[in-house]
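Each remark here refers to the structure printed beneath this line.
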Amino acid sequence: METSGLREELSCSICLSLYKEPVSLKCGHNFCRDCIVTVLDTQEKKATSYSCPECRKKYTERPPLEKNRKLCNIVDNFRSAQQEDTEVSCTYCVHPVPATKTCLHCEASFCDMHLRNHSKSADHILIDPTTSFEDRKCSIHKEILKYYCTEDSACICMSCWVAGDHKGHQVELLNEASEKKKEKLKDVTKKLTSEKQETEKRIQNLENHRTGEKGKAVDVTGRVTELFRDIRKHLDDVENRILTEVSRQEEKISQSVCDMIQKLETQKNELSRKINEMEAVCDITDSLTVLKKEMISDYIIPRSGDVRDSGCLDEGMISQMLHRGLLHFTDSLLDLKIKRQFSVMAKSDILLDIKTANNYIIISQDLKSATDTNKPENRPDVPERFKSRQVISTQSFSSGRHYWEVDVSGAKEWLIGVVSHSIERKIDGNESHIGHNDKSWGLTQRNTLFTKHNNSRITIDSKSSLKTVGIYLDYEAGRLSFYQRCDPIRHCYRNYTLNVSYERRHFVYHGLGISYSDNMESAIYIYSAI
């Protein structure tokens, strides 16, 4: 929209000037406050009803005037834009000369020369050059705004303070109020600057973390590639040795068969010659001649060159070579992983400590499974025994990397984790449960899957029910990880940081019908080989 068109839209239909403190009637039309008040006052004297000057809508009572704040802001912005486009000239110069100051009291602008003769009185307030004085004056009393009402947070004139809506209110001079506001803004700016710097620091930390993790990913990718290249090389060596042996045996058998065939061909030719000779004698009619022929009637045929004499592929020997080669590869796989700086996640065996078991938990004879029961066991009350329904293992540790797997497929609800040796045992309540204190870290399945530490829980989105849970603890790194053992292996929760300042850690097993699987060895072997 062009400036002229926009000005028309922002003009009052009564005074035909830009809106001054625009107000709205219920019909939606806008007017300057003074203009519409004058019209309503006139209507009140002449008639018993009121009407909108534009649409003529009737009102039985004097309509309330609602200040249109949005339209007021639009008009102010438009007026400011118009002022910026127009250079303010000195009021007293014959020819246009740019003004340097405007006096609010005189409502006049001055160049440097005329400003020298201007009054120095405090009532004559000088501001930057402007042609608009409306926003510098009170809309009610048309006086210069000199004070700031701290109770209503409004700029007011002397009349507003002495006899107007702000009578008796606490007020300040505009420059004093402005300086106080600036001081507050400086304090807020200082706090925001500090927060901004902290935010920038966190952003930089995240950027550094991303860069670091990207570098780690590149390094791990390279090491995995090298590991599988070494694995393929070892397997290729085993394959080549076995295939070489198969080829050697096949060549040996083939050569043996060729030699035997050659001998048999010679024998066959000799037999053919003998047969021809005998057939020729048989064709002679002279009896004397036949009898004079010296012939061997009983010719002994040598029996050689049978398939059994040619030899067979020794599959037993090949199987033995394959077995030895794969065993050697299995033994060297650990060295290959260590060479490429991969941790070895070999399953640690766990035996439950019956001295710590709550009386409502039944421990199996092999000390590898626990079951909840409603009939308490009659066990002695030793210091190690828990009053809460849980049990821990006999093993403890204060360093190294450890990995366990727990079969949870037989339980609807379960709790497993790692605890400090100093965890409370004689409290009958949640305080001694795994995850409800700062000395334990646990993974729990109870309606939902969640981790818990120091009574703070984090819910985990798991679309499938867990059957086997892997637990990996790097003591020195202070990292505890729970895994859903499946194919492929999926993290239940990763980088669950634990505080390693406690003296020792225990693997914890909370028995609710959960037991260890008898066939975990193969699963562990497959997992650790990855």
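Convention: chains lettered A, B, ... in structure tokens order; per-chain residue numbering from 1; ligands numbered from 1 as shown.
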
_Surrounding residues of Ile156 (chain A) excluding itself and chain neighbours under 3 positions, 7 Å, only C-alpha atoms, as a ChimeraX atom specification_ = /A:138,145-149,160

Could you dump the residues just selected with C-alpha atoms as a short mmCIF file (atom, residue, chain, number, x, y, z; two decimals), in the first residue's frame?
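Okay, again_15.cif is ready:
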```
data_model
loop_
_atom_site.label_atom_id
_atom_site.label_comp_id
_atom_site.auth_asym_id
_atom_site.auth_seq_id
_atom_site.Cartn_x
_atom_site.Cartn_y
_atom_site.Cartn_z
CA CYS A 138 -0.20 14.40 27.69
CA LEU A 145 5.30 14.94 29.87
CA LYS A 146 7.78 15.73 32.66
CA TYR A 147 7.25 13.02 35.27
CA TYR A 148 7.12 9.24 35.57
CA CYS A 149 4.51 7.61 37.81
CA CYS A 160 -1.93 14.43 35.88
#
```

I need the alpha helix (DSSP H) residues of region 270-425 of chain A per DSSP on the backbone, written as a PDB file with N, CA and C atoms, in the first residue's frame.
```
ATOM      1  N   GLU A 270      47.945-106.269 -24.146  1.00  0.00           N
ATOM      2  CA  GLU A 270      48.575-107.600 -24.158  1.00  0.00           C
ATOM      3  C   GLU A 270      47.526-108.700 -24.254  1.00  0.00           C
ATOM      4  N   LEU A 271      46.430-108.504 -23.546  1.00  0.00           N
ATOM      5  CA  LEU A 271      45.355-109.487 -23.599  1.00  0.00           C
ATOM      6  C   LEU A 271      44.725-109.532 -24.998  1.00  0.00           C
ATOM      7  N   SER A 272      44.595-108.381 -25.611  1.00  0.00           N
ATOM      8  CA  SER A 272      44.040-108.348 -26.981  1.00  0.00           C
ATOM      9  C   SER A 272      44.941-109.117 -27.939  1.00  0.00           C
ATOM     10  N   ARG A 273      46.273-108.911 -27.777  1.00  0.00           N
ATOM     11  CA  ARG A 273      47.205-109.640 -28.657  1.00  0.00           C
ATOM     12  C   ARG A 273      47.077-111.143 -28.444  1.00  0.00           C
ATOM     13  N   LYS A 274      47.008-111.598 -27.217  1.00  0.00           N
ATOM     14  CA  LYS A 274      46.864-113.023 -26.916  1.00  0.00           C
ATOM     15  C   LYS A 274      45.570-113.570 -27.514  1.00  0.00           C
ATOM     16  N   ILE A 275      44.526-112.795 -27.368  1.00  0.00           N
ATOM     17  CA  ILE A 275      43.233-113.244 -27.909  1.00  0.00           C
ATOM     18  C   ILE A 275      43.308-113.399 -29.417  1.00  0.00           C
ATOM     19  N   ASN A 276      43.961-112.464 -30.100  1.00  0.00           N
ATOM     20  CA  ASN A 276      44.090-112.535 -31.569  1.00  0.00           C
ATOM     21  C   ASN A 276      44.886-113.764 -31.987  1.00  0.00           C
ATOM     22  N   GLU A 277      45.975-114.033 -31.253  1.00  0.00           N
ATOM     23  CA  GLU A 277      46.793-115.198 -31.574  1.00  0.00           C
ATOM     24  C   GLU A 277      45.972-116.481 -31.430  1.00  0.00           C
ATOM     25  N   MET A 278      45.243-116.568 -30.345  1.00  0.00           N
ATOM     26  CA  MET A 278      44.460-117.786 -30.098  1.00  0.00           C
ATOM     27  C   MET A 278      43.336-117.930 -31.104  1.00  0.00           C
ATOM     28  N   GLU A 279      42.753-116.821 -31.513  1.00  0.00           N
ATOM     29  CA  GLU A 279      41.684-116.904 -32.502  1.00  0.00           C
ATOM     30  C   GLU A 279      42.265-117.329 -33.859  1.00  0.00           C
ATOM     31  N   ALA A 280      43.485-116.881 -34.132  1.00  0.00           N
ATOM     32  CA  ALA A 280      44.136-117.286 -35.408  1.00  0.00           C
ATOM     33  C   ALA A 280      44.427-118.788 -35.428  1.00  0.00           C
ATOM     34  N   VAL A 281      44.882-119.339 -34.317  1.00  0.00           N
ATOM     35  CA  VAL A 281      45.140-120.778 -34.234  1.00  0.00           C
ATOM     36  C   VAL A 281      43.848-121.558 -34.406  1.00  0.00           C
ATOM     37  N   CYS A 282      42.807-121.031 -33.805  1.00  0.00           N
ATOM     38  CA  CYS A 282      41.517-121.709 -33.896  1.00  0.00           C
ATOM     39  C   CYS A 282      40.984-121.730 -35.331  1.00  0.00           C
ATOM     40  N   SER A 287      45.261-130.116 -38.484  1.00  0.00           N
ATOM     41  CA  SER A 287      45.384-130.544 -37.096  1.00  0.00           C
ATOM     42  C   SER A 287      46.831-130.569 -36.649  1.00  0.00           C
ATOM     43  N   LEU A 288      47.745-131.018 -37.541  1.00  0.00           N
ATOM     44  CA  LEU A 288      49.155-131.110 -37.180  1.00  0.00           C
ATOM     45  C   LEU A 288      49.717-129.730 -36.876  1.00  0.00           C
ATOM     46  N   THR A 289      49.332-128.767 -37.671  1.00  0.00           N
ATOM     47  CA  THR A 289      49.818-127.378 -37.458  1.00  0.00           C
ATOM     48  C   THR A 289      49.313-126.824 -36.139  1.00  0.00           C
ATOM     49  N   VAL A 290      48.052-127.084 -35.844  1.00  0.00           N
ATOM     50  CA  VAL A 290      47.479-126.575 -34.584  1.00  0.00           C
ATOM     51  C   VAL A 290      48.224-127.130 -33.400  1.00  0.00           C
ATOM     52  N   LEU A 291      48.546-128.415 -33.489  1.00  0.00           N
ATOM     53  CA  LEU A 291      49.196-129.039 -32.344  1.00  0.00           C
ATOM     54  C   LEU A 291      50.645-128.594 -32.196  1.00  0.00           C
ATOM     55  N   LYS A 292      51.284-128.262 -33.316  1.00  0.00           N
ATOM     56  CA  LYS A 292      52.672-127.805 -33.227  1.00  0.00           C
ATOM     57  C   LYS A 292      52.792-126.375 -32.622  1.00  0.00           C
ATOM     58  N   GLU A 315      38.631 -87.342   4.442  1.00  0.00           N
ATOM     59  CA  GLU A 315      37.796 -86.295   5.034  1.00  0.00           C
ATOM     60  C   GLU A 315      38.024 -86.174   6.541  1.00  0.00           C
ATOM     61  N   GLY A 316      38.392 -87.242   7.182  1.00  0.00           N
ATOM     62  CA  GLY A 316      38.684 -87.184   8.615  1.00  0.00           C
ATOM     63  C   GLY A 316      39.859 -86.262   8.893  1.00  0.00           C
ATOM     64  N   MET A 317      40.878 -86.388   8.064  1.00  0.00           N
ATOM     65  CA  MET A 317      42.050 -85.537   8.222  1.00  0.00           C
ATOM     66  C   MET A 317      41.698 -84.071   7.951  1.00  0.00           C
ATOM     67  N   ILE A 318      40.861 -83.847   6.928  1.00  0.00           N
ATOM     68  CA  ILE A 318      40.442 -82.476   6.589  1.00  0.00           C
ATOM     69  C   ILE A 318      39.613 -81.884   7.724  1.00  0.00           C
ATOM     70  N   SER A 319      38.704 -82.682   8.286  1.00  0.00           N
ATOM     71  CA  SER A 319      37.895 -82.214   9.410  1.00  0.00           C
ATOM     72  C   SER A 319      38.767 -81.873  10.612  1.00  0.00           C
ATOM     73  N   GLN A 320      39.800 -82.701  10.818  1.00  0.00           N
ATOM     74  CA  GLN A 320      40.712 -82.438  11.927  1.00  0.00           C
ATOM     75  C   GLN A 320      41.471 -81.127  11.708  1.00  0.00           C
ATOM     76  N   MET A 321      41.928 -80.907  10.464  1.00  0.00           N
ATOM     77  CA  MET A 321      42.607 -79.652  10.141  1.00  0.00           C
ATOM     78  C   MET A 321      41.670 -78.452  10.348  1.00  0.00           C
ATOM     79  N   LEU A 322      40.406 -78.597   9.922  1.00  0.00           N
ATOM     80  CA  LEU A 322      39.427 -77.532  10.093  1.00  0.00           C
ATOM     81  C   LEU A 322      39.206 -77.248  11.568  1.00  0.00           C
ATOM     82  N   HIS A 323      39.060 -78.287  12.364  1.00  0.00           N
ATOM     83  CA  HIS A 323      38.839 -78.139  13.793  1.00  0.00           C
ATOM     84  C   HIS A 323      40.024 -77.430  14.451  1.00  0.00           C
ATOM     85  N   ARG A 324      41.255 -77.905  14.129  1.00  0.00           N
ATOM     86  CA  ARG A 324      42.441 -77.281  14.717  1.00  0.00           C
ATOM     87  C   ARG A 324      42.570 -75.825  14.281  1.00  0.00           C
ATOM     88  N   GLY A 325      42.271 -75.568  13.012  1.00  0.00           N
ATOM     89  CA  GLY A 325      42.377 -74.197  12.504  1.00  0.00           C
ATOM     90  C   GLY A 325      41.394 -73.256  13.175  1.00  0.00           C
ATOM     91  N   LEU A 326      40.140 -73.713  13.351  1.00  0.00           N
ATOM     92  CA  LEU A 326      39.141 -72.861  13.995  1.00  0.00           C
ATOM     93  C   LEU A 326      39.438 -72.683  15.480  1.00  0.00           C
ATOM     94  N   LEU A 327      39.963 -73.724  16.123  1.00  0.00           N
ATOM     95  CA  LEU A 327      40.360 -73.581  17.517  1.00  0.00           C
ATOM     96  C   LEU A 327      41.488 -72.554  17.653  1.00  0.00           C
ATOM     97  N   HIS A 328      42.434 -72.634  16.762  1.00  0.00           N
ATOM     98  CA  HIS A 328      43.528 -71.657  16.783  1.00  0.00           C
ATOM     99  C   HIS A 328      43.000 -70.252  16.505  1.00  0.00           C
ATOM    100  N   PHE A 329      42.019 -70.154  15.598  1.00  0.00           N
ATOM    101  CA  PHE A 329      41.427 -68.847  15.309  1.00  0.00           C
ATOM    102  C   PHE A 329      40.690 -68.302  16.532  1.00  0.00           C
ATOM    103  N   THR A 330      39.967 -69.190  17.228  1.00  0.00           N
ATOM    104  CA  THR A 330      39.257 -68.763  18.437  1.00  0.00           C
ATOM    105  C   THR A 330      40.234 -68.266  19.494  1.00  0.00           C
ATOM    106  N   ASP A 331      41.335 -68.982  19.646  1.00  0.00           N
ATOM    107  CA  ASP A 331      42.347 -68.562  20.623  1.00  0.00           C
ATOM    108  C   ASP A 331      42.970 -67.225  20.232  1.00  0.00           C
ATOM    109  N   SER A 332      43.185 -67.021  18.949  1.00  0.00           N
ATOM    110  CA  SER A 332      43.840 -65.790  18.498  1.00  0.00           C
ATOM    111  C   SER A 332      42.859 -64.616  18.414  1.00  0.00           C
ATOM    112  N   LEU A 333      41.525 -64.908  18.431  1.00  0.00           N
ATOM    113  CA  LEU A 333      40.542 -63.831  18.318  1.00  0.00           C
ATOM    114  C   LEU A 333      40.654 -62.855  19.483  1.00  0.00           C
ATOM    115  N   LEU A 334      40.905 -63.380  20.690  1.00  0.00           N
ATOM    116  CA  LEU A 334      41.082 -62.520  21.853  1.00  0.00           C
ATOM    117  C   LEU A 334      42.265 -61.576  21.656  1.00  0.00           C
ATOM    118  N   ASP A 335      43.377 -62.152  21.133  1.00  0.00           N
ATOM    119  CA  ASP A 335      44.554 -61.318  20.885  1.00  0.00           C
ATOM    120  C   ASP A 335      44.269 -60.265  19.811  1.00  0.00           C
ATOM    121  N   LEU A 336      43.477 -60.639  18.811  1.00  0.00           N
ATOM    122  CA  LEU A 336      43.140 -59.681  17.750  1.00  0.00           C
ATOM    123  C   LEU A 336      42.329 -58.526  18.308  1.00  0.00           C
ATOM    124  N   LYS A 337      41.367 -58.812  19.184  1.00  0.00           N
ATOM    125  CA  LYS A 337      40.542 -57.754  19.769  1.00  0.00           C
ATOM    126  C   LYS A 337      41.384 -56.844  20.656  1.00  0.00           C
ATOM    127  N   ILE A 338      42.278 -57.441  21.449  1.00  0.00           N
ATOM    128  CA  ILE A 338      43.148 -56.632  22.302  1.00  0.00           C
ATOM    129  C   ILE A 338      44.088 -55.786  21.451  1.00  0.00           C
ATOM    130  N   LYS A 339      44.583 -56.367  20.358  1.00  0.00           N
ATOM    131  CA  LYS A 339      45.476 -55.636  19.454  1.00  0.00           C
ATOM    132  C   LYS A 339      44.785 -54.401  18.895  1.00  0.00           C
TER     133      LYS A 339
END
```

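Considering only C-alpha atoms, the residue among A:Glu413, A:Lys196, A:Ile363, A:Ala357 positioned nearest to Gln390 (chain A) is A:Ala357.
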
Students should find that CA of Leu367 (chain A) and CA of Ile350 (chain A) are spaced 8.2 Å

Just want the 12 Å neighbourhood of Thr130 (chain A), counted on only C-alpha atoms, with same-chain residues fewer than 4 positions away dropped. Output as a list in words. Arg79, Ser80, Ala81, Gln82, Gln83, Glu84, Asp85, Thr86, Glu87, Val88, Ser89, Cys90, Thr91, Pro98, Ala99, Thr100, Lys101, Thr102, Cys103, Leu104, Glu107, Ala108, Ser109, Phe110, Leu126, Glu134, Asp135 and Arg136 of chain A

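Nearest-residue note for Asp474 (chain A): choosing from A:Asn205, A:Ser153, A:Ser398, A:Ser310, the minimum distance belongs to A:Ser398, counting only C-alpha atoms.
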
Residue with smallest distance to Ser440 (chain A) - pool A:Val257, A:Ile416, A:Leu10, A:Val224, counting only C-alpha atoms: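 Between A:Val257, A:Ile416, A:Leu10, A:Val224, the residue approaching Ser440 (chain A) most closely is A:Ile416.
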
Fewer than 3 positions away in the same chain doesn't count, so skip those; otherwise give me all residues within 6 Å of region 423-438 of chain A, counting only C-alpha atoms, as a PyMOL selection string. chain A and resi 386-388+420+441-442+452-455

**OP:** Considering only C-alpha atoms, return as a ChimeraX atom specification whatever protein or nucleic-acid residues lie within 12 Å of Asp34 (chain A), sequence-local ones (same chain, fewer than 5 positions apart) excluded.
**Re:** /A:12,14-15,19-23,39-41,65,139-142

Could you give me, as a compact mmCIF listing (two decimals) with C-alpha atoms, in the first residue's frame, each residue of region 332-453 of chain A that DSSP assigns to strand (DSSP E) when run on this structure's backbone?
```
# COMPACT_ATOMS: atom_id res chain seq x y z
CA ILE A 361 13.57 -65.21 48.67
CA ILE A 362 14.41 -68.83 47.81
CA ILE A 363 17.94 -69.44 46.49
CA SER A 369 18.69 -68.38 40.66
CA ALA A 370 16.31 -66.69 43.07
CA THR A 371 12.54 -66.93 43.48
CA ASP A 372 10.07 -64.88 45.47
CA VAL A 391 19.96 -60.55 47.48
CA ILE A 392 23.49 -59.78 46.27
CA SER A 393 26.35 -61.91 45.00
CA THR A 394 29.32 -63.38 46.84
CA GLN A 395 31.78 -61.64 44.50
CA SER A 396 32.92 -58.05 44.96
CA PHE A 397 35.39 -55.88 43.08
CA ARG A 401 35.66 -54.18 33.58
CA HIS A 402 32.86 -56.63 34.26
CA TYR A 403 30.02 -58.11 32.22
CA TRP A 404 27.04 -60.21 33.28
CA GLU A 405 23.91 -61.55 31.62
CA VAL A 406 20.66 -62.22 33.43
CA ASP A 407 17.71 -64.23 32.09
CA TRP A 414 12.21 -57.61 38.22
CA LEU A 415 15.02 -55.38 39.45
CA ILE A 416 18.73 -55.86 38.75
CA GLY A 417 21.72 -53.59 39.20
CA VAL A 418 24.98 -52.74 40.93
CA VAL A 419 25.36 -51.59 44.54
CA SER A 420 27.99 -50.40 47.00
CA SER A 440 22.95 -48.32 44.03
CA TRP A 441 22.03 -48.22 40.34
CA GLY A 442 19.29 -50.41 38.91
CA LEU A 443 17.22 -51.37 35.89
CA THR A 444 13.58 -52.20 36.70
CA GLN A 445 10.65 -53.73 34.83
CA ARG A 446 7.38 -52.82 36.52
CA THR A 448 7.29 -49.86 32.26
CA LEU A 449 11.04 -50.21 31.89
CA PHE A 450 13.12 -47.61 33.72
CA THR A 451 16.51 -47.00 35.33
CA LYS A 452 16.78 -45.71 38.86
CA HIS A 453 19.48 -44.09 41.01
```

Excluding Leu466 (chain A) and its own-chain neighbours fewer than 6 positions away, which residues fall within 7 Å of it when counting only C-alpha atoms? Please give them as a ChimeraX atom specification. /A:408-409,484

So that I have them on file, write out the residues from the current selection with C-alpha atoms, as a PDB file, in the first residue's frame.
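Resulting contents of out_26.pdb:
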```pdb
ATOM      1  CA  VAL A 408      14.560 -62.285  33.035  1.00  0.00           C
ATOM      2  CA  SER A 409      12.154 -64.089  30.706  1.00  0.00           C
ATOM      3  CA  GLN A 484      18.947 -55.895  25.728  1.00  0.00           C
TER       4      GLN A 484
END
```

One decimal place gives the CA of Lys252 (chain A)-CA of Gln267 (chain A) separation as 22.7 Å
